[in-house]
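These notes are about the structure you will find just below.
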Amino acid sequence: MIQVAALDARVGTFRLRDITFAVPAGQYGVVIGPAGSGKTTLLETIAGIIAPQAGTVMLDGRDVTREPPERRRLGIVYQHGYLFPHLTVADNVAYGADDRAFAEAIAARVGASAFYDRPVRALSGGERQLVALARAFAVRPSVLLLDEPFSALDPRSRTQARRTVRALHRELGVTVLQVTHDFTEAGLLGDVAILLDNGQVLQAGPPDDLFRRPTTPYVAEFLGAENVFAGTVRAFAPSAADADFSGADELLARGHRPLEFRSGPLIIYAVGDAAEGSSHAVIRAEEITLSREMNPTSARNQFAGTIDEISTVGSFTRVSVDVGGVSLVAALTTRSVQELALAPGARVYASFKAMAVHLC
Amino acid sequence: MRFVASTALAIVASCGGPRPEGQGAGARNIVVYTAASVAIPLRAALDTFAAHEQVTVQQENGGSLDIARKLTELHQIPDVVVLADYDVFPKLLMPEQTTWYADFARNRMVLAFTDKSKFASEVDSANWPKILERPGVQLGRANPDLDPNGYRTLLTLQLAERYYEQPGLYDRLMKLSPARNVRPKEADLVGLLQAGEFDYIWSYESLAQATKLRYITLPAAIDLGTSADSAVYAKATVKVAGKTPNDTLTISGQPIVYALSIPKAAPHPAAAERFVAFLLSPDGRRLMHAHNLDALGAPIIIGNGEPAAVRAAASAQ
Amino acid sequence: MTRAGAGAHAARHSTAAHRTASVVAALLGSLCLLFLVAPIGRLVAGGGKSGVGELFTDAELRRSLWLTAVTATLAMTAGALGGTPLAYVLARRRFRGKAVVAAVLDLPLLIPHPVAGIALLLILGRESAVGRMLLHAGIRVAGSPIGIICAMMFVSAPLYISAAREAFARVDPRYESVARTLGDPAWRAFRRVTLPLSARGLIAAAVVMWARAVSEFGAIVILTYNPKVASVLSYDRFTSFGLTEALPVAAILSILALIPLVALRALRPDRGAGMDA
């Protein structure tokens, strides 16, 4: 378990300010943030390589703020593996292990047996990262810190390495904290996501929370939300027959109410607890459905528009629809796009539920 | 490219070997090589001379043998040569470099020390051998092969053994300044004495005075300071290194007399003559006295072919 | 002049300018090379053979060479032992006044050598606090090989510290960080990772220090004239006997100076290998 409270650290002119978050034991934490946001500094402070100015670091319930790195029972893997060049792969993996057989087993698990006796400089980038991972796992850490360990790898190696880490994380029950600038990785890997920007935590919680309920438009945009609108919120009293709001009982019970959000020509219906006044609305592309015909569904938000642009990446396609001068981006499977025979210029209807609208 | 480079190399490389001294540019210069032990008084004389005559003075100091070698081996010829050992002239420099030299000042061996020295309050001209033999006393001396002061020390010690009629005194006194207490020149000893590394050093009276050291004088029969005692001095002999490490030169005791000469190939002979004439004049002698150098009332010229101005200055009393 | 003509003229002009620059560079380079090589070449050509012969006949020369080698090696060892931690701290840690400390450490390189000797005398001589303590313990500095070693260390240790600092700086601190997370306390990480990775640089630095120690004269001669190290002997031979006697000694010393140079060359990292792991 990793618990960081009010952590303040300084490296040169860069400062981490008031960092607080927690990754429960055995879970996978992901730190997301743009370049220069302090992600590596954060990892190195947790590792004890950098001494904090204030705050505490607790690992597995133990306050390790004053402990040197060698007593924290953790491992760290950097983007550049930092394999010791003067040692073989075997000696690297076994460097801190008290059990050489265990080290060799870990190396095999990671897929490094093929080059176990080779000198380090004969390895490819992907192979090096695997060895670095094995080396970190071989000391039986309770916490593993990963600093963008896969970003320098080609896609295939990246997938393989990711899978291996995930598997070992589960098998060995290690708490992982991984840094990435790629937010899709966060969605794929993480139990806890921490968004770091300019030395401060903007939001922390389950990745879903960050994606669907970003606290600020900046967070939303950083996490790749494509439909972010600025506008005004007003209270709204729906009619009893309004189906879209009927599923919102739970939310209504919690004090969320139906709201009307106006942004330029767009009027969007949402359910939330935002106060009246200026606000932002975020709708994830995956929540928007497209149809050729006007669809009498329960979705209160339905807009007619013309397809602007279609971009396909593998099995996913993003369709940009011009609705009264405003762009709505929908994410569909490529297959759906083909079935609907969507093409730029086509008239479609874009719809999404009131509950899919997040106001911040 | 390579052609230009190799041509340049060839041209420069063909300029080989040392060249003989040509006539120096500018008669407004005078180059003097001085024995270290008279460097200061000679400097004063040169400065006075330079002020009157508006010449630029270049003075280089060194051991007498050192200086002699500059002329004979390196072919660096100055205008005036001033040596602490007049013997070097006939032995090494005549007749190739010069045909005459003039004795102009004298000196004597003393035992120099400071207030910090051990037993400084007790030592005197009679008890110095006993003081030196007390434990913990560090005695320094100059290298006999490099500095006349070095071999004069040895001569003085031999004369002391004879004078005090104590056989074995020479060896005992030599043991007190073993190889690690030897320095190239007397001048190198002064700094160490002042720093406290040595308690006593063998020095010249002129140098001890010039460096404001305390000193005790030694009996006239052993301190190489009086011409009258030449016969006594001659009884002591030492062997020093000769032209090669395997050669030795035997030197017998002689009074310490300073001599100078103007080399045949001096670059500025006119200025050299005027300077020597000044040095040998009563004004020059007064200047040297003021700087602790015992200038002879009547300079003695040995050899022949000396410039007229020099002869005149020596005979004018 | 037509446009094309002007362009061509400019092109020809610049080629001529280039050619002149190249010629001047070649000239200056050749002169510099000659200046550095010719004196030693002449020395070895003039005295090399007799110098080698003298190695067998001249006991004083042999003793002097042996003394020089031993004192330089001891100075190098002491300097490396003391200088390595200092170099490491300078390479790794940030602290107030670091620039001042680094500058002060370079001072011995800048002061005239006899001045260095005098400075050492003030600190280690018979009259100084340290000197007195050492004398009580029976150790004499001035006039002994200890004095030689001290003088050698004073003038050569700064070179070692500088170069060792560079060698450490070239090892990415992250290697040490990784080693520490793997369970090594700081000193063990240093021993198992930093030291092997910087070993080449450190050895090269030590060789430079040794070479500098061997060539020192001015500081040594103030502290210890006898026994004579090679530099003092060559000066002595010259002033006592002149050029002919000094030449073989000077020549043999120049030849022996090749040893550290060859060692340095052997320590140059091979192309391609390095720390790209």
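Just remember, in the structure tokens the first chain shown is A, the second B, etc., residues are 1-based per chain, and ligands are 1-based in the order shown.
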| task | Quick one: everything within 9 Å of A:Arg10, counting only C-alpha atoms, minus sequence neighbours fewer than 5 positions away in the same chain. Send it as a PyMOL selection string. | result | chain A and resi 15-17+41+50-53
| message | Distance limit 8 Å, atoms considered: only C-alpha atoms. Which chain C residues sit that close to chain B? Return them as a ChimeraX atom specification. | response | /C:22-23,26-27,30-31,34,121-122,125-127,142-144,222,224-227,236,239-243,245
Would you put the residues from that selection into a file with N, CA and C atoms, as a JSON list (two decimals), in the first residue's frame?
[["chain", "number", "residue", "atom", "x", "y", "z"],
["C", 22, "SER", "N", 42.73, 27.31, -44.59],
["C", 22, "SER", "CA", 43.29, 25.98, -44.37],
["C", 22, "SER", "C", 44.80, 26.02, -44.33],
["C", 23, "VAL", "N", 45.38, 26.80, -45.20],
["C", 23, "VAL", "CA", 46.84, 26.88, -45.24],
["C", 23, "VAL", "C", 47.37, 27.45, -43.93],
["C", 26, "ALA", "N", 47.08, 24.91, -41.25],
["C", 26, "ALA", "CA", 48.10, 23.86, -41.36],
["C", 26, "ALA", "C", 49.46, 24.38, -40.89],
["C", 27, "LEU", "N", 49.75, 25.61, -41.25],
["C", 27, "LEU", "CA", 51.03, 26.21, -40.87],
["C", 27, "LEU", "C", 51.15, 26.32, -39.35],
["C", 30, "SER", "N", 51.46, 22.89, -37.78],
["C", 30, "SER", "CA", 52.77, 22.28, -37.92],
["C", 30, "SER", "C", 53.79, 22.92, -37.00],
["C", 31, "LEU", "N", 53.73, 24.24, -36.89],
["C", 31, "LEU", "CA", 54.68, 24.94, -36.02],
["C", 31, "LEU", "C", 54.49, 24.51, -34.57],
["C", 34, "LEU", "N", 55.83, 21.03, -34.12],
["C", 34, "LEU", "CA", 57.29, 21.06, -34.10],
["C", 34, "LEU", "C", 57.81, 21.59, -32.78],
["C", 121, "LEU", "N", 56.20, 24.07, 3.67],
["C", 121, "LEU", "CA", 57.17, 24.20, 4.76],
["C", 121, "LEU", "C", 56.52, 24.86, 5.97],
["C", 122, "LEU", "N", 55.69, 25.86, 5.72],
["C", 122, "LEU", "CA", 55.05, 26.57, 6.82],
["C", 122, "LEU", "C", 54.11, 25.66, 7.60],
["C", 125, "GLY", "N", 56.69, 22.08, 8.43],
["C", 125, "GLY", "CA", 58.08, 22.19, 8.86],
["C", 125, "GLY", "C", 58.25, 21.98, 10.36],
["C", 126, "ARG", "N", 59.49, 22.01, 10.79],
["C", 126, "ARG", "CA", 59.85, 21.72, 12.17],
["C", 126, "ARG", "C", 59.11, 22.63, 13.15],
["C", 127, "GLU", "N", 58.86, 23.87, 12.72],
["C", 127, "GLU", "CA", 58.29, 24.85, 13.62],
["C", 127, "GLU", "C", 56.77, 24.81, 13.68],
["C", 142, "ALA", "N", 60.82, 17.77, 6.10],
["C", 142, "ALA", "CA", 61.82, 18.40, 5.23],
["C", 142, "ALA", "C", 63.10, 17.57, 5.25],
["C", 143, "GLY", "N", 63.67, 17.36, 4.08],
["C", 143, "GLY", "CA", 64.90, 16.60, 4.02],
["C", 143, "GLY", "C", 64.71, 15.10, 4.00],
["C", 144, "SER", "N", 63.47, 14.65, 3.78],
["C", 144, "SER", "CA", 63.23, 13.22, 3.74],
["C", 144, "SER", "C", 62.28, 12.89, 2.59],
["C", 222, "ILE", "N", 62.56, 22.62, -2.50],
["C", 222, "ILE", "CA", 62.53, 23.45, -1.30],
["C", 222, "ILE", "C", 62.48, 22.56, -0.06],
["C", 224, "THR", "N", 62.97, 18.98, 0.10],
["C", 224, "THR", "CA", 63.96, 17.91, 0.17],
["C", 224, "THR", "C", 64.88, 17.95, -1.04],
["C", 225, "TYR", "N", 66.12, 18.31, -0.79],
["C", 225, "TYR", "CA", 67.11, 18.33, -1.86],
["C", 225, "TYR", "C", 67.79, 16.98, -1.95],
["C", 226, "ASN", "N", 68.24, 16.51, -0.76],
["C", 226, "ASN", "CA", 68.75, 15.15, -0.67],
["C", 226, "ASN", "C", 67.79, 14.33, 0.16],
["C", 227, "PRO", "N", 67.43, 13.09, -0.19],
["C", 227, "PRO", "CA", 67.83, 12.39, -1.40],
["C", 227, "PRO", "C", 67.19, 13.00, -2.66],
["C", 236, "ASP", "N", 70.74, 19.17, -11.04],
["C", 236, "ASP", "CA", 72.03, 19.13, -10.37],
["C", 236, "ASP", "C", 73.15, 18.77, -11.34],
["C", 239, "THR", "N", 73.89, 21.79, -13.51],
["C", 239, "THR", "CA", 74.59, 22.90, -12.88],
["C", 239, "THR", "C", 75.97, 22.48, -12.40],
["C", 240, "SER", "N", 76.14, 21.21, -12.05],
["C", 240, "SER", "CA", 77.46, 20.77, -11.59],
["C", 240, "SER", "C", 78.40, 20.52, -12.75],
["C", 241, "PHE", "N", 77.91, 19.86, -13.77],
["C", 241, "PHE", "CA", 78.82, 19.36, -14.80],
["C", 241, "PHE", "C", 78.55, 19.88, -16.19],
["C", 242, "GLY", "N", 77.42, 20.44, -16.36],
["C", 242, "GLY", "CA", 77.17, 21.01, -17.69],
["C", 242, "GLY", "C", 76.34, 20.12, -18.58],
["C", 243, "LEU", "N", 76.19, 20.59, -19.79],
["C", 243, "LEU", "CA", 75.27, 19.99, -20.74],
["C", 243, "LEU", "C", 75.62, 18.54, -21.04],
["C", 245, "GLU", "N", 77.07, 16.22, -19.42],
["C", 245, "GLU", "CA", 76.72, 15.23, -18.40],
["C", 245, "GLU", "C", 75.23, 15.15, -18.16]]
What are the residues of chain C that have an atom within 12 Å of an atom of chain A, counting only C-alpha atoms, as a JSON list (two decimals) with N, CA and C atoms, in the first residue's frame?
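As a result, result_20.json now contains:
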[["chain", "number", "residue", "atom", "x", "y", "z"],
["C", 94, "ARG", "N", 25.09, 18.69, -4.18],
["C", 94, "ARG", "CA", 25.02, 20.14, -4.31],
["C", 94, "ARG", "C", 25.14, 20.70, -2.92],
["C", 171, "VAL", "N", 29.06, 8.86, -14.83],
["C", 171, "VAL", "CA", 28.19, 7.73, -14.45],
["C", 171, "VAL", "C", 26.86, 8.31, -14.02],
["C", 172, "ASP", "N", 25.80, 7.99, -14.75],
["C", 172, "ASP", "CA", 24.47, 8.51, -14.44],
["C", 172, "ASP", "C", 24.09, 8.16, -13.00],
["C", 173, "PRO", "N", 23.72, 9.16, -12.19],
["C", 173, "PRO", "CA", 23.38, 8.88, -10.80],
["C", 173, "PRO", "C", 22.24, 7.88, -10.66],
["C", 174, "ARG", "N", 21.47, 7.71, -11.73],
["C", 174, "ARG", "CA", 20.34, 6.78, -11.64],
["C", 174, "ARG", "C", 20.79, 5.34, -11.45],
["C", 175, "TYR", "N", 21.98, 5.02, -11.96],
["C", 175, "TYR", "CA", 22.47, 3.67, -11.72],
["C", 175, "TYR", "C", 22.58, 3.43, -10.22],
["C", 176, "GLU", "N", 23.10, 4.43, -9.53],
["C", 176, "GLU", "CA", 23.21, 4.29, -8.07],
["C", 176, "GLU", "C", 21.84, 4.23, -7.42],
["C", 177, "SER", "N", 20.92, 5.08, -7.90],
["C", 177, "SER", "CA", 19.57, 5.07, -7.32],
["C", 177, "SER", "C", 18.95, 3.70, -7.45],
["C", 178, "VAL", "N", 19.07, 3.11, -8.65],
["C", 178, "VAL", "CA", 18.51, 1.78, -8.87],
["C", 178, "VAL", "C", 19.15, 0.78, -7.91],
["C", 179, "ALA", "N", 20.47, 0.84, -7.78],
["C", 179, "ALA", "CA", 21.16, -0.10, -6.89],
["C", 179, "ALA", "C", 20.65, 0.05, -5.46],
["C", 180, "ARG", "N", 20.37, 1.28, -5.07],
["C", 180, "ARG", "CA", 19.89, 1.48, -3.70],
["C", 180, "ARG", "C", 18.52, 0.90, -3.50],
["C", 181, "THR", "N", 17.65, 1.07, -4.49],
["C", 181, "THR", "CA", 16.32, 0.48, -4.33],
["C", 181, "THR", "C", 16.42, -1.04, -4.30],
["C", 182, "LEU", "N", 17.48, -1.57, -4.91],
["C", 182, "LEU", "CA", 17.64, -3.02, -4.89],
["C", 182, "LEU", "C", 18.26, -3.51, -3.60],
["C", 183, "GLY", "N", 18.46, -2.60, -2.65],
["C", 183, "GLY", "CA", 18.86, -3.04, -1.33],
["C", 183, "GLY", "C", 20.26, -2.64, -0.89],
["C", 184, "ASP", "N", 21.02, -1.95, -1.75],
["C", 184, "ASP", "CA", 22.37, -1.58, -1.37],
["C", 184, "ASP", "C", 22.40, -0.26, -0.62],
["C", 185, "PRO", "N", 23.05, -0.23, 0.56],
["C", 185, "PRO", "CA", 23.30, 1.07, 1.16],
["C", 185, "PRO", "C", 24.28, 1.85, 0.28],
["C", 186, "ALA", "N", 24.37, 3.15, 0.51],
["C", 186, "ALA", "CA", 25.11, 4.04, -0.39],
["C", 186, "ALA", "C", 26.52, 3.55, -0.71],
["C", 187, "TRP", "N", 27.26, 3.12, 0.31],
["C", 187, "TRP", "CA", 28.64, 2.73, 0.04],
["C", 187, "TRP", "C", 28.72, 1.48, -0.80],
["C", 188, "ARG", "N", 27.75, 0.57, -0.64],
["C", 188, "ARG", "CA", 27.81, -0.66, -1.42],
["C", 188, "ARG", "C", 27.42, -0.40, -2.87],
["C", 189, "ALA", "N", 26.46, 0.51, -3.04],
["C", 189, "ALA", "CA", 26.10, 0.89, -4.40],
["C", 189, "ALA", "C", 27.31, 1.51, -5.09],
["C", 192, "ARG", "N", 29.78, -1.44, -5.88],
["C", 192, "ARG", "CA", 29.40, -2.43, -6.87],
["C", 192, "ARG", "C", 29.03, -1.82, -8.22],
["C", 193, "VAL", "N", 28.62, -0.55, -8.22],
["C", 193, "VAL", "CA", 28.17, 0.03, -9.48],
["C", 193, "VAL", "C", 29.04, 1.21, -9.93],
["C", 194, "THR", "N", 29.09, 2.27, -9.12],
["C", 194, "THR", "CA", 29.79, 3.48, -9.57],
["C", 194, "THR", "C", 31.27, 3.22, -9.81],
["C", 195, "LEU", "N", 31.89, 2.52, -8.89],
["C", 195, "LEU", "CA", 33.33, 2.30, -9.00],
["C", 195, "LEU", "C", 33.70, 1.52, -10.25],
["C", 196, "PRO", "N", 33.07, 0.36, -10.51],
["C", 196, "PRO", "CA", 33.42, -0.35, -11.74],
["C", 196, "PRO", "C", 33.17, 0.47, -12.99],
["C", 197, "LEU", "N", 32.08, 1.27, -12.97],
["C", 197, "LEU", "CA", 31.77, 2.03, -14.18],
["C", 197, "LEU", "C", 32.71, 3.21, -14.37],
["C", 198, "SER", "N", 33.29, 3.70, -13.30],
["C", 198, "SER", "CA", 34.19, 4.85, -13.45],
["C", 198, "SER", "C", 35.65, 4.45, -13.35],
["C", 199, "ALA", "N", 35.90, 3.14, -13.20],
["C", 199, "ALA", "CA", 37.26, 2.67, -12.94],
["C", 199, "ALA", "C", 38.26, 3.17, -13.97],
["C", 272, "GLY", "N", 32.85, 2.43, -29.39],
["C", 272, "GLY", "CA", 31.68, 1.55, -29.47],
["C", 272, "GLY", "C", 31.29, 1.03, -28.11],
["C", 273, "ALA", "N", 32.25, 0.57, -27.35],
["C", 273, "ALA", "CA", 31.88, 0.10, -26.00],
["C", 273, "ALA", "C", 31.65, 1.31, -25.13],
["C", 274, "GLY", "N", 31.02, 1.13, -24.01],
["C", 274, "GLY", "CA", 30.76, 2.29, -23.18],
["C", 274, "GLY", "C", 29.58, 1.98, -22.31],
["C", 275, "MET", "N", 28.85, 2.97, -21.95],
["C", 275, "MET", "CA", 27.76, 2.69, -21.04],
["C", 275, "MET", "C", 26.43, 2.90, -21.71],
["C", 276, "ASP", "N", 26.27, 2.40, -22.91],
["C", 276, "ASP", "CA", 24.95, 2.58, -23.54],
["C", 276, "ASP", "C", 24.05, 1.43, -23.17],
["C", 277, "ALA", "N", 23.88, 1.18, -21.90],
["C", 277, "ALA", "CA", 22.97, 0.10, -21.52],
["C", 277, "ALA", "C", 21.75, 0.65, -20.80]]
Would you list the contacts of B:Ala39 as an mmCIF file with N, CA and C atoms, in the first residue's frame, taking every protein, DNA or RNA residue within 10 Å and counting only C-alpha atoms, but skipping same-chain residues closer than 6 positions in sequence?
data_model
loop_
_atom_site.group_PDB
_atom_site.id
_atom_site.type_symbol
_atom_site.label_atom_id
_atom_site.label_comp_id
_atom_site.auth_asym_id
_atom_site.auth_seq_id
_atom_site.Cartn_x
_atom_site.Cartn_y
_atom_site.Cartn_z
ATOM 1 N N TYR B 33 76.100 38.806 -14.996
ATOM 2 C CA TYR B 33 75.890 37.551 -14.265
ATOM 3 C C TYR B 33 76.621 37.677 -12.931
ATOM 4 N N ALA B 45 74.513 48.568 -6.931
ATOM 5 C CA ALA B 45 75.459 49.285 -7.787
ATOM 6 C C ALA B 45 74.890 49.442 -9.192
ATOM 7 N N GLN B 59 70.123 41.456 -14.665
ATOM 8 C CA GLN B 59 71.028 40.766 -13.768
ATOM 9 C C GLN B 59 70.556 39.341 -13.578
ATOM 10 N N GLU B 60 71.468 38.380 -13.724
ATOM 11 C CA GLU B 60 71.127 36.992 -13.446
ATOM 12 C C GLU B 60 72.050 36.476 -12.371
ATOM 13 N N ASN B 61 71.465 35.821 -11.360
ATOM 14 C CA ASN B 61 72.267 35.320 -10.249
ATOM 15 C C ASN B 61 72.396 33.820 -10.316
ATOM 16 N N GLY B 62 73.477 33.317 -9.757
ATOM 17 C CA GLY B 62 73.628 31.870 -9.712
ATOM 18 C C GLY B 62 74.899 31.514 -8.974
ATOM 19 N N VAL B 82 80.618 38.386 -12.390
ATOM 20 C CA VAL B 82 81.080 38.627 -11.024
ATOM 21 C C VAL B 82 80.993 37.306 -10.267
ATOM 22 N N LEU B 83 82.124 36.792 -9.809
ATOM 23 C CA LEU B 83 82.108 35.469 -9.185
ATOM 24 C C LEU B 83 82.570 35.530 -7.735
ATOM 25 N N LEU B 207 76.375 37.910 3.562
ATOM 26 C CA LEU B 207 75.016 37.429 3.390
ATOM 27 C C LEU B 207 74.256 37.444 4.711
#
| field | Spatial neighbours of stretch 222-227 of chain A, 9 Å, only C-alpha atoms, chain gap at least 2 places, as a PyMOL selection string | value | chain A and resi 32-34+182-184+210-212+214+217-220+229+281-285+327-330
| task | For C:Thr71, work out the shell of residues within 9 Å, counting only C-alpha atoms and skipping chain neighbours fewer than 3 positions away, then give it as a PyMOL selection string. | result | chain C and resi 66-68+74-76+145-146+148-149+152+213-214+229
| query | So how many Å separate atom CA of B:Ile77 and atom CA of B:Asn29, to one decimal? | reply |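 Here the two named atoms are 13.5 Å from each other.
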| field | Residue list (helix (DSSP H, G or I), DSSP) for stretch 57-255 of chain C, as a VMD selection string | value | chain C and resid 57 59 to 92 98 to 110 113 to 124 129 to 136 145 to 169 173 to 181 186 to 215 218 to 223 230 to 241 243 to 255
| query | Can you list, as a ChimeraX atom specification, every protein, DNA or RNA residue that comes within 8 Å of stretch 199-208 of chain A when you count only C-alpha atoms, leaving out same-chain residues fewer than 2 positions away? | reply | /A:14-21,37-38,186-187,190-197,210-215,219
May I have the selected residues written with C-alpha atoms, as a compact mmCIF listing (two decimals), in the first residue's frame?
# COMPACT_ATOMS: atom_id res chain seq x y z
CA PHE A 14 10.84 22.45 -9.81
CA ARG A 15 8.51 21.82 -6.93
CA LEU A 16 5.99 19.14 -6.07
CA ARG A 17 3.30 20.72 -3.94
CA ASP A 18 1.00 19.19 -1.41
CA ILE A 19 0.73 15.76 -3.03
CA THR A 20 -1.83 13.51 -1.39
CA PHE A 21 -3.16 10.22 -2.69
CA SER A 37 4.53 17.71 -14.50
CA GLY A 38 6.76 16.09 -11.90
CA ALA A 186 -4.29 4.50 -17.45
CA GLY A 187 -7.67 3.30 -18.51
CA GLY A 190 -5.17 1.27 -13.39
CA ASP A 191 -7.25 0.73 -10.32
CA VAL A 192 -6.36 4.21 -9.11
CA ALA A 193 -5.51 7.13 -11.36
CA ILE A 194 -3.71 10.28 -10.25
CA LEU A 195 -3.58 13.24 -12.58
CA LEU A 196 -0.49 15.33 -12.00
CA ASP A 197 0.11 18.71 -13.56
CA LEU A 210 -11.39 10.90 -13.93
CA PHE A 211 -12.75 10.16 -17.33
CA ARG A 212 -16.42 10.51 -16.64
CA ARG A 213 -16.40 13.04 -13.84
CA PRO A 214 -13.42 15.27 -14.43
CA THR A 215 -13.33 18.06 -11.89
CA VAL A 219 -8.63 17.50 -16.68
| said: I want to know what sits within 12 Å of A:Arg162, based on only C-alpha atoms, with residues of the same chain fewer than 3 positions away left out; could you give that as a ChimeraX atom specification? | reply: /A:110,126,129-130,133,146,148-151,153-159,165-169,178,185-186,188-190
| said: Please compute the atom CA of B:Asp294-atom CA of B:Ala234 distance, one decimal, in Å. | reply: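 Computed distance, atom CA of B:Asp294 to atom CA of B:Ala234, equals 21.8 Å.
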| query | Any idea what the distance is between atom CA of B:Ser261 and atom CA of B:Val80? | reply |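 Result for atom CA of B:Ser261 versus atom CA of B:Val80: 5.8 Å, one decimal.
Nearest residue to C:Ile161 among C:Thr84, C:Ser254, C:Ser128, C:Ser14 is C:Thr84, counting only C-alpha atoms.
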| request: Using DSSP on the backbone coordinates, identify all residues within stretch 12-180 of chain B classified as strand (DSSP E or B); present the result as a count of residues only. | output: 35
